[in-house]
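Text of upload04.cif (mmCIF, C-alpha atoms) as supplied:
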```cif
data_final
loop_
_atom_site.group_PDB
_atom_site.id
_atom_site.type_symbol
_atom_site.label_atom_id
_atom_site.label_comp_id
_atom_site.auth_asym_id
_atom_site.auth_seq_id
_atom_site.Cartn_x
_atom_site.Cartn_y
_atom_site.Cartn_z
ATOM 1 C CA MET E 241 29.469 -44.226 -27.853
ATOM 2 C CA ALA E 242 26.999 -47.106 -28.143
ATOM 3 C CA ALA E 243 24.686 -47.248 -31.137
ATOM 4 C CA PRO E 244 20.956 -46.555 -30.628
ATOM 5 C CA GLY E 245 19.102 -49.605 -29.394
ATOM 6 C CA THR E 246 22.210 -51.339 -27.994
ATOM 7 C CA ARG E 247 23.171 -51.844 -24.374
ATOM 8 C CA SER E 248 26.515 -50.686 -23.008
ATOM 9 C CA ARG E 249 28.766 -53.334 -21.463
ATOM 10 C CA THR E 250 29.198 -53.352 -17.683
ATOM 11 C CA LEU E 251 31.145 -55.437 -15.192
ATOM 12 C CA ILE E 252 27.986 -57.337 -14.242
ATOM 13 C CA SER E 253 25.407 -58.142 -16.869
ATOM 14 C CA PRO E 254 21.720 -57.323 -16.151
ATOM 15 C CA ALA E 255 20.917 -61.038 -16.233
ATOM 16 C CA GLN E 256 23.469 -61.833 -13.521
ATOM 17 C CA LEU E 257 22.391 -58.820 -11.475
ATOM 18 C CA ASN E 258 18.759 -59.966 -11.478
ATOM 19 C CA ARG E 259 19.686 -63.284 -9.913
ATOM 20 C CA PRO E 260 19.436 -63.390 -6.090
ATOM 21 C CA ARG E 261 23.069 -64.490 -5.696
ATOM 22 C CA GLY E 262 24.368 -61.872 -8.127
ATOM 23 C CA LYS E 263 22.334 -59.111 -6.500
ATOM 24 C CA ALA E 264 23.536 -60.077 -3.012
ATOM 25 C CA LEU E 265 27.172 -60.145 -4.166
ATOM 26 C CA TYR E 266 26.827 -56.782 -5.915
ATOM 27 C CA TRP E 267 25.353 -54.996 -2.903
ATOM 28 C CA THR E 268 27.844 -56.621 -0.525
ATOM 29 C CA VAL E 269 30.803 -55.382 -2.569
ATOM 30 C CA PHE E 270 29.176 -51.973 -2.979
ATOM 31 C CA VAL E 271 28.575 -51.502 0.756
ATOM 32 C CA VAL E 272 32.076 -52.721 1.674
ATOM 33 C CA VAL E 273 33.740 -50.335 -0.786
ATOM 34 C CA VAL E 274 31.639 -47.346 0.311
ATOM 35 C CA VAL E 275 32.231 -48.017 4.017
ATOM 36 C CA ALA E 276 35.971 -48.554 3.478
ATOM 37 C CA PHE E 277 36.427 -45.288 1.565
ATOM 38 C CA THR E 278 34.272 -43.428 4.097
ATOM 39 C CA LEU E 279 36.467 -44.630 6.955
ATOM 40 C CA VAL E 280 39.653 -43.752 5.067
ATOM 41 C CA PHE E 281 38.564 -40.183 4.339
ATOM 42 C CA LEU E 282 36.477 -39.360 7.414
ATOM 43 C CA GLY E 283 38.439 -41.380 9.979
ATOM 44 C CA PRO E 284 41.222 -38.794 10.500
ATOM 45 C CA LEU E 285 38.640 -36.007 10.779
ATOM 46 C CA TYR E 286 36.739 -37.981 13.404
ATOM 47 C CA TRP E 287 39.893 -38.592 15.475
ATOM 48 C CA MET E 288 40.809 -34.929 15.230
ATOM 49 C CA VAL E 289 37.398 -33.674 16.378
ATOM 50 C CA THR E 290 37.055 -36.201 19.213
ATOM 51 C CA GLY E 291 40.695 -35.751 20.231
ATOM 52 C CA GLY E 292 39.967 -32.116 21.005
ATOM 53 C CA LEU E 293 37.212 -33.261 23.388
ATOM 54 C CA LYS E 294 39.391 -35.666 25.382
ATOM 55 C CA THR E 295 41.550 -35.105 28.428
ATOM 56 C CA THR E 296 45.319 -34.986 28.047
ATOM 57 C CA HIS E 297 45.710 -38.446 29.592
ATOM 58 C CA GLU E 298 43.069 -39.923 27.292
ATOM 59 C CA VAL E 299 44.681 -38.442 24.193
ATOM 60 C CA VAL E 300 48.081 -40.039 24.788
ATOM 61 C CA GLN E 301 46.947 -43.366 26.232
ATOM 62 C CA SER E 302 47.368 -46.616 24.291
ATOM 63 C CA PRO E 303 45.220 -48.178 23.006
ATOM 64 C CA PRO E 304 43.238 -45.054 22.141
ATOM 65 C CA THR E 305 39.588 -44.691 23.074
ATOM 66 C CA LEU E 306 36.972 -44.530 20.317
ATOM 67 C CA PHE E 307 34.759 -42.032 22.186
ATOM 68 C CA PRO E 308 35.737 -39.430 24.817
ATOM 69 C CA ARG E 309 34.904 -40.744 28.281
ATOM 70 C CA GLN E 310 34.208 -37.263 29.591
ATOM 71 C CA PRO E 311 33.809 -34.837 26.655
ATOM 72 C CA ARG E 312 35.310 -31.425 27.358
ATOM 73 C CA PRO E 313 34.069 -28.839 24.828
ATOM 74 C CA GLY E 314 35.925 -26.217 26.830
ATOM 75 C CA ASN E 315 39.173 -27.441 25.275
ATOM 76 C CA TYR E 316 38.236 -25.606 22.091
ATOM 77 C CA ALA E 317 37.645 -22.308 23.876
ATOM 78 C CA LYS E 318 40.882 -22.761 25.808
ATOM 79 C CA ALA E 319 42.828 -23.480 22.613
ATOM 80 C CA TRP E 320 41.312 -20.404 20.967
ATOM 81 C CA GLY E 321 42.568 -18.167 23.759
ATOM 82 C CA ASP E 322 45.895 -19.816 24.598
ATOM 83 C CA LEU E 323 47.089 -20.035 20.987
ATOM 84 C CA GLY E 324 45.670 -16.694 19.817
ATOM 85 C CA LEU E 325 43.801 -18.308 16.938
ATOM 86 C CA ALA E 326 41.883 -15.138 16.080
ATOM 87 C CA ARG E 327 45.059 -13.349 15.004
ATOM 88 C CA LEU E 328 46.448 -16.418 13.234
ATOM 89 C CA LEU E 329 43.229 -16.956 11.290
ATOM 90 C CA LEU E 330 43.106 -13.290 10.296
ATOM 91 C CA ASN E 331 46.669 -13.473 8.965
ATOM 92 C CA THR E 332 45.818 -16.598 6.986
ATOM 93 C CA VAL E 333 42.707 -14.993 5.506
ATOM 94 C CA VAL E 334 44.781 -12.011 4.333
ATOM 95 C CA TYR E 335 47.392 -14.272 2.737
ATOM 96 C CA ALA E 336 44.828 -16.593 1.140
ATOM 97 C CA PHE E 337 42.551 -13.977 -0.384
ATOM 98 C CA GLY E 338 45.448 -11.759 -1.409
ATOM 99 C CA ALA E 339 46.923 -14.698 -3.325
ATOM 100 C CA LEU E 340 43.479 -15.341 -4.792
ATOM 101 C CA ALA E 341 43.173 -11.769 -6.071
ATOM 102 C CA PHE E 342 46.557 -11.817 -7.800
ATOM 103 C CA GLN E 343 45.978 -15.305 -9.172
ATOM 104 C CA LEU E 344 42.605 -14.415 -10.690
ATOM 105 C CA VAL E 345 43.930 -11.287 -12.383
ATOM 106 C CA LEU E 346 47.195 -12.670 -13.780
ATOM 107 C CA ASP E 347 46.236 -16.296 -14.452
ATOM 108 C CA VAL E 348 42.986 -15.325 -16.162
ATOM 109 C CA ALA E 349 44.910 -12.911 -18.371
ATOM 110 C CA ALA E 350 47.493 -15.590 -19.238
ATOM 111 C CA ALA E 351 44.875 -18.250 -19.989
ATOM 112 C CA TYR E 352 42.782 -15.842 -22.075
ATOM 113 C CA SER E 353 45.846 -14.847 -24.089
ATOM 114 C CA LEU E 354 46.840 -18.450 -24.761
ATOM 115 C CA SER E 355 43.294 -19.508 -25.613
ATOM 116 C CA LYS E 356 41.793 -16.655 -27.627
ATOM 117 C CA LEU E 357 44.568 -14.225 -28.590
ATOM 118 C CA ARG E 358 46.869 -17.076 -29.702
ATOM 119 C CA PRO E 359 50.296 -15.415 -29.411
ATOM 120 C CA VAL E 360 53.344 -16.632 -31.306
ATOM 121 C CA LEU E 361 54.831 -19.743 -29.646
ATOM 122 C CA GLY E 362 51.798 -19.913 -27.374
ATOM 123 C CA ASN E 363 51.746 -23.726 -27.428
ATOM 124 C CA LEU E 364 55.431 -23.801 -26.519
ATOM 125 C CA VAL E 365 54.817 -21.462 -23.579
ATOM 126 C CA LEU E 366 51.895 -23.599 -22.401
ATOM 127 C CA GLY E 367 53.994 -26.744 -22.712
ATOM 128 C CA MET E 368 56.773 -25.198 -20.640
ATOM 129 C CA MET E 369 54.228 -24.174 -18.001
ATOM 130 C CA LEU E 370 52.801 -27.690 -17.800
ATOM 131 C CA ALA E 371 56.315 -29.121 -17.600
ATOM 132 C CA THR E 372 56.778 -27.303 -14.290
ATOM 133 C CA LEU E 373 54.047 -29.521 -12.823
ATOM 134 C CA MET E 374 56.488 -32.418 -13.096
ATOM 135 C CA VAL E 375 58.955 -30.697 -10.748
ATOM 136 C CA PRO E 376 58.429 -31.538 -7.033
ATOM 137 C CA ALA E 377 57.449 -28.494 -5.004
ATOM 138 C CA THR E 378 60.218 -29.091 -2.459
ATOM 139 C CA VAL E 379 62.853 -28.710 -5.183
ATOM 140 C CA LEU E 380 61.701 -25.131 -5.770
ATOM 141 C CA VAL E 381 61.840 -24.061 -2.124
ATOM 142 C CA VAL E 382 65.492 -22.944 -2.158
ATOM 143 C CA PRO E 383 65.385 -20.920 -5.429
ATOM 144 C CA GLN E 384 62.090 -19.330 -4.393
ATOM 145 C CA TYR E 385 63.505 -18.407 -0.996
ATOM 146 C CA LEU E 386 66.597 -16.837 -2.584
ATOM 147 C CA THR E 387 64.308 -14.922 -4.937
ATOM 148 C CA VAL E 388 62.149 -13.377 -2.199
ATOM 149 C CA LEU E 389 65.272 -12.747 -0.112
ATOM 150 C CA ASP E 390 66.663 -10.516 -2.865
ATOM 151 C CA LEU E 391 64.066 -9.800 -5.525
ATOM 152 C CA PRO E 392 65.814 -9.443 -8.908
ATOM 153 C CA ILE E 393 66.042 -6.026 -10.585
ATOM 154 C CA ILE E 394 64.604 -4.031 -7.667
ATOM 155 C CA HIS E 395 66.674 -5.874 -4.990
ATOM 156 C CA GLN E 396 64.065 -5.858 -2.260
ATOM 157 C CA ASN E 397 63.826 -8.274 0.671
ATOM 158 C CA LEU E 398 60.246 -9.606 0.825
ATOM 159 C CA LEU E 399 60.614 -11.706 3.975
ATOM 160 C CA ASN E 400 58.071 -10.888 6.696
ATOM 161 C CA THR E 401 55.757 -9.311 4.121
ATOM 162 C CA PRO E 402 52.619 -10.744 2.484
ATOM 163 C CA TRP E 403 54.358 -10.460 -0.894
ATOM 164 C CA ALA E 404 56.555 -13.435 0.016
ATOM 165 C CA ILE E 405 53.433 -15.619 -0.017
ATOM 166 C CA TRP E 406 51.438 -13.812 -2.689
ATOM 167 C CA LEU E 407 54.004 -13.705 -5.491
ATOM 168 C CA PRO E 408 55.031 -17.416 -5.584
ATOM 169 C CA SER E 409 51.362 -18.456 -5.664
ATOM 170 C CA VAL E 410 50.507 -16.281 -8.670
ATOM 171 C CA THR E 411 52.046 -18.334 -11.465
ATOM 172 C CA ASN E 412 50.116 -21.576 -11.082
ATOM 173 C CA ALA E 413 50.421 -23.732 -14.198
ATOM 174 C CA PHE E 414 47.521 -25.986 -13.216
ATOM 175 C CA THR E 415 45.207 -22.997 -12.753
ATOM 176 C CA ILE E 416 46.209 -21.546 -16.131
ATOM 177 C CA PHE E 417 45.595 -24.929 -17.764
ATOM 178 C CA LEU E 418 42.109 -25.242 -16.227
ATOM 179 C CA LEU E 419 41.178 -21.717 -17.285
ATOM 180 C CA LYS E 420 42.530 -22.158 -20.821
ATOM 181 C CA ARG E 421 40.653 -25.424 -21.185
ATOM 182 C CA PHE E 422 37.426 -23.702 -20.237
ATOM 183 C CA PHE E 423 38.078 -20.665 -22.454
ATOM 184 C CA ASP E 424 38.695 -23.026 -25.389
ATOM 185 C CA SER E 425 35.137 -24.323 -25.017
ATOM 186 C CA ILE E 426 33.608 -20.843 -25.425
ATOM 187 C CA PRO E 427 32.314 -20.533 -29.025
ATOM 188 C CA GLY E 428 34.412 -18.236 -31.186
ATOM 189 C CA GLU E 429 31.226 -16.805 -32.706
ATOM 190 C CA LEU E 430 30.505 -14.966 -29.463
ATOM 191 C CA LEU E 431 33.898 -13.277 -29.544
ATOM 192 C CA ASP E 432 33.473 -12.464 -33.239
ATOM 193 C CA ALA E 433 30.114 -10.852 -32.499
ATOM 194 C CA ALA E 434 31.680 -8.782 -29.728
ATOM 195 C CA ALA E 435 34.466 -7.703 -32.099
ATOM 196 C CA ILE E 436 31.886 -6.650 -34.722
ATOM 197 C CA ASP E 437 30.205 -4.504 -32.062
ATOM 198 C CA GLY E 438 33.538 -2.749 -31.511
ATOM 199 C CA ALA E 439 34.678 -4.518 -28.354
ATOM 200 C CA GLY E 440 38.420 -4.908 -27.900
ATOM 201 C CA PRO E 441 40.111 -7.918 -26.282
ATOM 202 C CA LEU E 442 39.868 -6.521 -22.751
ATOM 203 C CA ARG E 443 36.213 -5.562 -23.080
ATOM 204 C CA THR E 444 35.428 -8.954 -24.604
ATOM 205 C CA LEU E 445 37.119 -10.612 -21.652
ATOM 206 C CA ARG E 446 35.217 -8.493 -19.157
ATOM 207 C CA SER E 447 31.793 -8.511 -20.812
ATOM 208 C CA VAL E 448 31.620 -11.895 -22.552
ATOM 209 C CA VAL E 449 34.196 -14.376 -21.281
ATOM 210 C CA LEU E 450 34.198 -13.717 -17.526
ATOM 211 C CA PRO E 451 30.382 -13.833 -17.063
ATOM 212 C CA MET E 452 30.370 -17.238 -18.761
ATOM 213 C CA SER E 453 33.318 -18.463 -16.690
ATOM 214 C CA ARG E 454 31.819 -18.278 -13.215
ATOM 215 C CA PRO E 455 31.958 -22.064 -12.585
ATOM 216 C CA ILE E 456 35.664 -22.389 -13.402
ATOM 217 C CA LEU E 457 36.481 -19.142 -11.572
ATOM 218 C CA ALA E 458 34.823 -20.608 -8.476
ATOM 219 C CA VAL E 459 36.952 -23.729 -8.813
ATOM 220 C CA VAL E 460 40.286 -21.939 -9.136
ATOM 221 C CA SER E 461 39.293 -19.586 -6.310
ATOM 222 C CA ILE E 462 38.701 -22.496 -3.953
ATOM 223 C CA PHE E 463 41.961 -24.134 -5.015
ATOM 224 C CA ALA E 464 43.894 -20.897 -4.482
ATOM 225 C CA VAL E 465 42.491 -20.327 -0.989
ATOM 226 C CA VAL E 466 42.957 -23.932 0.127
ATOM 227 C CA ASN E 467 46.542 -24.121 -1.194
ATOM 228 C CA VAL E 468 47.598 -21.111 0.861
ATOM 229 C CA TRP E 469 45.530 -22.162 3.881
ATOM 230 C CA LYS E 470 47.081 -25.625 4.157
ATOM 231 C CA ASP E 471 50.662 -24.612 3.339
ATOM 232 C CA PHE E 472 53.154 -24.970 6.163
ATOM 233 C CA LEU E 473 56.767 -25.036 4.974
ATOM 234 C CA TRP E 474 56.764 -21.863 2.881
ATOM 235 C CA PRO E 475 55.093 -19.592 5.500
ATOM 236 C CA LEU E 476 57.415 -21.093 8.122
ATOM 237 C CA LEU E 477 60.428 -19.924 6.110
ATOM 238 C CA THR E 478 59.174 -16.541 4.929
ATOM 239 C CA GLU E 479 57.108 -15.268 7.888
ATOM 240 C CA PRO E 480 59.259 -15.736 11.022
ATOM 241 C CA ASP E 481 57.673 -12.743 12.773
ATOM 242 C CA PRO E 482 55.205 -14.101 15.403
ATOM 243 C CA GLY E 483 52.695 -11.402 14.496
ATOM 244 C CA ARG E 484 52.612 -12.469 10.843
ATOM 245 C CA ARG E 485 52.363 -16.250 11.184
ATOM 246 C CA THR E 486 49.710 -18.318 9.463
ATOM 247 C CA VAL E 487 47.452 -20.547 11.508
ATOM 248 C CA ASN E 488 49.418 -23.734 10.767
ATOM 249 C CA VAL E 489 52.778 -22.179 11.589
ATOM 250 C CA GLY E 490 51.374 -20.465 14.689
ATOM 251 C CA ILE E 491 49.946 -23.691 16.096
ATOM 252 C CA TYR E 492 53.249 -25.452 15.457
ATOM 253 C CA ALA E 493 55.307 -22.690 17.086
ATOM 254 C CA LEU E 494 53.114 -22.512 20.189
ATOM 255 C CA SER E 495 52.404 -26.234 20.548
ATOM 256 C CA THR E 496 55.274 -26.767 23.022
ATOM 257 C CA GLY E 497 53.562 -24.613 25.643
ATOM 258 C CA VAL E 498 50.114 -26.239 25.618
ATOM 259 C CA THR E 499 48.686 -29.718 26.096
ATOM 260 C CA GLU E 500 48.123 -32.219 23.289
ATOM 261 C CA ASN E 501 44.331 -31.990 23.412
ATOM 262 C CA GLU E 502 44.509 -28.204 23.008
ATOM 263 C CA VAL E 503 46.748 -28.604 19.963
ATOM 264 C CA ILE E 504 44.282 -31.056 18.408
ATOM 265 C CA ALA E 505 41.399 -28.701 19.189
ATOM 266 C CA ALA E 506 43.294 -25.827 17.556
ATOM 267 C CA LEU E 507 43.960 -27.931 14.442
ATOM 268 C CA THR E 508 40.256 -28.744 14.274
ATOM 269 C CA ILE E 509 39.345 -25.054 14.419
ATOM 270 C CA ALA E 510 41.923 -24.295 11.716
ATOM 271 C CA SER E 511 40.364 -26.941 9.455
ATOM 272 C CA VAL E 512 36.789 -25.711 9.772
ATOM 273 C CA PRO E 513 36.944 -22.755 7.305
ATOM 274 C CA THR E 514 38.227 -24.859 4.398
ATOM 275 C CA LEU E 515 35.739 -27.657 5.129
ATOM 276 C CA VAL E 516 32.873 -25.170 5.173
ATOM 277 C CA LEU E 517 34.165 -23.616 1.949
ATOM 278 C CA PHE E 518 34.169 -27.014 0.258
ATOM 279 C CA LEU E 519 30.695 -27.952 1.490
ATOM 280 C CA LEU E 520 29.262 -24.643 0.291
ATOM 281 C CA PHE E 521 30.837 -24.778 -3.165
ATOM 282 C CA GLN E 522 31.146 -28.500 -3.914
ATOM 283 C CA ARG E 523 28.623 -28.221 -6.754
ATOM 284 C CA ASN E 524 30.658 -25.401 -8.282
ATOM 285 C CA ILE E 525 33.776 -27.566 -8.072
ATOM 286 C CA MET E 526 32.192 -30.460 -9.961
ATOM 287 C CA SER E 527 30.459 -28.277 -12.564
ATOM 288 C CA GLY E 528 33.576 -26.166 -13.099
ATOM 289 C CA LEU E 529 35.879 -29.153 -13.565
ATOM 290 C CA THR E 530 33.569 -30.735 -16.149
ATOM 291 C CA ALA E 531 32.289 -27.585 -17.868
ATOM 292 C CA GLY E 532 35.100 -27.400 -20.420
ATOM 293 C CA SER E 533 35.345 -31.132 -21.093
ATOM 294 C CA LEU E 534 32.588 -31.323 -23.705
ATOM 295 C CA LYS E 535 31.866 -29.193 -26.698
ATOM 296 C CA GLY E 536 28.836 -28.941 -28.891
#
```

Any chance you could put this one into structure tokens?
Amino acid sequence: MAAPGTRSRTLISPAQLNRPRGKALYWTVFVVVVVAFTLVFLGPLYWMVTGGLKTTHEVVQSPPTLFPRQPRPGNYAKAWGDLGLARLLLNTVVYAFGALAFQLVLDVAAAYSLSKLRPVLGNLVLGMMLATLMVPATVLVVPQYLTVLDLPIIHQNLLNTPWAIWLPSVTNAFTIFLLKRFFDSIPGELLDAAAIDGAGPLRTLRSVVLPMSRPILAVVSIFAVVNVWKDFLWPLLTEPDPGRRTVNVGIYALSTGVTENEVIAALTIASVPTLVLFLLFQRNIMSGLTAGSLKG
């Protein structure tokens, strides 16, 4: 941290920035970088939305057109009916928010235990959890599938049930790490005061820790919903029943019977809920991710 009265060093000094040439160069680079990143991130979304408005011939033609020659908003209504998106979206909502409920209950309990109850070998357990983040998700597909095919101890087949999606999403090491990091920033004096008043660990969690943890809970909630919503491979393997498919799997399975512009329109509709969720809670995401980074 810079001492009082001193200026922090930057890539361009204030003297160079005040010169006409330096100012022109700075703003040119700034505009180019902003426009380039905007095109990279928003370009695919633009092609997806406009692709759903084009005719079938216009979608597949080369070179592609930048704007639809004759926009057809009816493609979206047709895709909604032909692909049965209402049922697919309902299934996905059930899977996503069911996984969210289990993740909040179990991951919050694990993070609270590691942060405030400090069990024996807690650091070792946390280290082993974080080590799982280094393992590619595709490597775990086969052992997870064999597990839900014949659940150990009780020997139940969980295929074609929501449990096949809910249970693997519960133990999320990244979520536990985020929650523990936030819980570590909560002053211990508050928990000591609650203990003096006779509150046990569970009551302290419910009455003191959780009300203060709303920003980070919002973050992990959004992550949990989006992770289930965008997943394709795991629901494809565990939910083969057409009536239980998620929206991504359903669009893929039915895409051979509809035109390309309808498929693109359906993918656009499937993307809207998560985009709206992000736009509504983007402030919570930023505040939750930075809330536990500073103490004092």

| request: Taking the point (47.1, -19.2, 3.8) as given in the file, collect each protein or nucleic acid residue that comes within 8 Å of it, counting only C-alpha atoms, and present the set as a ChimeraX atom specification. | output: /E:331-336,465-471,486-487

The distance between CA of Ser511 in chain E and CA of Val382 in chain E is 28.0 Å

The PyMOL selection byres ((chain E and resi 423-435) around 7) resolved against shown file, as a PDB file with C-alpha atoms, in the frame of the given file:
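What follows is the written file selection.pdb:
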```
ATOM      1  CA  TYR E 352      42.782 -15.842 -22.075  1.00  0.00           C
ATOM      2  CA  SER E 355      43.294 -19.508 -25.613  1.00  0.00           C
ATOM      3  CA  LEU E 419      41.178 -21.717 -17.285  1.00  0.00           C
ATOM      4  CA  LYS E 420      42.530 -22.158 -20.821  1.00  0.00           C
ATOM      5  CA  ARG E 421      40.653 -25.424 -21.185  1.00  0.00           C
ATOM      6  CA  PHE E 422      37.426 -23.702 -20.237  1.00  0.00           C
ATOM      7  CA  ILE E 436      31.886  -6.650 -34.722  1.00  0.00           C
ATOM      8  CA  ASP E 437      30.205  -4.504 -32.062  1.00  0.00           C
ATOM      9  CA  GLY E 438      33.538  -2.749 -31.511  1.00  0.00           C
ATOM     10  CA  ALA E 439      34.678  -4.518 -28.354  1.00  0.00           C
ATOM     11  CA  GLY E 440      38.420  -4.908 -27.900  1.00  0.00           C
ATOM     12  CA  THR E 444      35.428  -8.954 -24.604  1.00  0.00           C
ATOM     13  CA  GLY E 532      35.100 -27.400 -20.420  1.00  0.00           C
ATOM     14  CA  LYS E 535      31.866 -29.193 -26.698  1.00  0.00           C
TER      15      LYS E 535
END
```

Written as a compact mmCIF listing (two decimals) with C-alpha atoms, in the frame of the given file, what is the full residue list that the PyMOL selection byres ((chain E and resi 492) around 10) yields on the file shown?
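Contents of the output file expr_8.txt:
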```
# COMPACT_ATOMS: atom_id res chain seq x y z
CA LEU E 323 47.09 -20.04 20.99
CA PHE E 472 53.15 -24.97 6.16
CA LEU E 476 57.42 -21.09 8.12
CA THR E 486 49.71 -18.32 9.46
CA VAL E 487 47.45 -20.55 11.51
CA ASN E 488 49.42 -23.73 10.77
CA VAL E 489 52.78 -22.18 11.59
CA GLY E 490 51.37 -20.46 14.69
CA ILE E 491 49.95 -23.69 16.10
CA ALA E 493 55.31 -22.69 17.09
CA LEU E 494 53.11 -22.51 20.19
CA SER E 495 52.40 -26.23 20.55
CA THR E 496 55.27 -26.77 23.02
CA VAL E 503 46.75 -28.60 19.96
CA LEU E 507 43.96 -27.93 14.44
```

Carefully work through the PyMOL selection byres ((chain E and resi 370) around 12) for this structure and note down the residues it includes, as a list in words.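 Residues picked by the PyMOL selection byres ((chain E and resi 370) around 12): Asn363, Leu364, Val365, Leu366, Gly367, Met368, Met369, Ala371, Thr372, Leu373, Met374, Val375, Thr411, Asn412, Ala413, Phe414, Thr415, Ile416, Phe417 and Leu418 of chain E.
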
Pairwise distance, CA of Asn315 in chain E with CA of Thr514 in chain E, equals 21.1 Å

Box in all listed atoms of range 382-399 of chain E, axis-aligned, with 6 Å more on each side; write out centre and edge lengths in Å to one decimal as AutoDock Vina command-line options.
```
--center_x 63.5 --center_y -13.5 --center_z -3.3 --size_x 18.4 --size_y 30.9 --size_z 26.6
```

Report as a tab-separated table (two decimals) with C-alpha atoms, in the frame of the given file all protein, DNA and RNA residues lying within 12 Å of range 302-309 of chain E, evaluated on all atoms listed in the file, omitting residues in the same chain fewer than 4 positions from it.
```tsv
chain	number	residue	atom	x	y	z
E	283	GLY	CA	38.44	-41.38	9.98
E	286	TYR	CA	36.74	-37.98	13.40
E	287	TRP	CA	39.89	-38.59	15.48
E	288	MET	CA	40.81	-34.93	15.23
E	289	VAL	CA	37.40	-33.67	16.38
E	290	THR	CA	37.06	-36.20	19.21
E	291	GLY	CA	40.70	-35.75	20.23
E	292	GLY	CA	39.97	-32.12	21.00
E	293	LEU	CA	37.21	-33.26	23.39
E	294	LYS	CA	39.39	-35.67	25.38
E	295	THR	CA	41.55	-35.10	28.43
E	296	THR	CA	45.32	-34.99	28.05
E	297	HIS	CA	45.71	-38.45	29.59
E	298	GLU	CA	43.07	-39.92	27.29
E	313	PRO	CA	34.07	-28.84	24.83
E	501	ASN	CA	44.33	-31.99	23.41
```

Leaving out Asp322 in chain E and any residue of its chain fewer than 4 positions from it, which residues lie within 9 Å of it when counting all atoms listed in the file, given as a short mmCIF file (atom, residue, chain, number, x, y, z; two decimals) with C-alpha atoms, keeping the file's coordinate frame?
```cif
data_model
loop_
_atom_site.label_atom_id
_atom_site.label_comp_id
_atom_site.auth_asym_id
_atom_site.auth_seq_id
_atom_site.Cartn_x
_atom_site.Cartn_y
_atom_site.Cartn_z
CA ALA E 317 37.65 -22.31 23.88
CA LYS E 318 40.88 -22.76 25.81
CA LEU E 494 53.11 -22.51 20.19
CA VAL E 498 50.11 -26.24 25.62
CA GLU E 502 44.51 -28.20 23.01
#
```

Judged by all atoms listed in the file, the minimum distance to Phe337 in chain E among E:Pro383, E:Pro402, E:Pro392, E:Pro475 is found for E:Pro402

Next on the checklist: I'd like the interatomic distance between CA of Leu361 in chain E and CA of Val381 in chain E, to a tenth of an Å.
Outcome noted: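 Between CA of Leu361 in chain E and CA of Val381 in chain E the gap is 28.7 Å.
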
Distance criterion (all atoms listed in the file): nearest to Ala341 in chain E out of E:Tyr266, E:Trp474, E:Trp406, E:Phe277:
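Of E:Tyr266, E:Trp474, E:Trp406, E:Phe277, the one nearest Ala341 in chain E, counting all atoms listed in the file, is E:Trp406.
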
Among E:Ala464, E:Met452, E:Leu515, E:Ile393, Ile405 in chain E is approached most closely, using all atoms listed in the file, by E:Ala464

Excluding same-chain residues fewer than 5 positions from Thr387 in chain E, what lies within 12 Å of it counting only C-alpha atoms, as a PDB file with C-alpha atoms, in the coordinates of the input?
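As written to disk, out-v3.pdb reads:
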```pdb
ATOM      1  CA  LEU E 380      61.701 -25.131  -5.770  1.00  0.00           C
ATOM      2  CA  VAL E 381      61.840 -24.061  -2.124  1.00  0.00           C
ATOM      3  CA  VAL E 382      65.492 -22.944  -2.158  1.00  0.00           C
ATOM      4  CA  PRO E 392      65.814  -9.443  -8.908  1.00  0.00           C
ATOM      5  CA  ILE E 393      66.042  -6.026 -10.585  1.00  0.00           C
ATOM      6  CA  ILE E 394      64.604  -4.031  -7.667  1.00  0.00           C
ATOM      7  CA  HIS E 395      66.674  -5.874  -4.990  1.00  0.00           C
ATOM      8  CA  GLN E 396      64.065  -5.858  -2.260  1.00  0.00           C
ATOM      9  CA  ASN E 397      63.826  -8.274   0.671  1.00  0.00           C
ATOM     10  CA  LEU E 398      60.246  -9.606   0.825  1.00  0.00           C
ATOM     11  CA  LEU E 399      60.614 -11.706   3.975  1.00  0.00           C
ATOM     12  CA  TRP E 403      54.358 -10.460  -0.894  1.00  0.00           C
ATOM     13  CA  ALA E 404      56.555 -13.435   0.016  1.00  0.00           C
ATOM     14  CA  ILE E 405      53.433 -15.619  -0.017  1.00  0.00           C
ATOM     15  CA  LEU E 407      54.004 -13.705  -5.491  1.00  0.00           C
ATOM     16  CA  PRO E 408      55.031 -17.416  -5.584  1.00  0.00           C
ATOM     17  CA  THR E 478      59.174 -16.541   4.929  1.00  0.00           C
TER      18      THR E 478
END
```

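With only C-alpha atoms as the atoms that count, the residue of E:Pro455, E:Gly497, E:Gly314, E:Pro284 with the shortest distance to Asn524 in chain E is E:Pro455.
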
Compare E:Arg312, E:Lys263, E:Arg358, E:Arg327 by their minimum atom-to-atom distance to Gly483 in chain E, counting all atoms listed in the file, and give me the closest one.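 Using all atoms listed in the file, the shortest distance to Gly483 in chain E belongs to E:Arg327.
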
message: Between E:Val348, E:Leu329, E:Ala264, E:Leu282, which residue has the minimum interatomic distance to Leu442 in chain E, considering all atoms listed in the file?
response: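 Selected residue with least distance to Leu442 in chain E: E:Val348.
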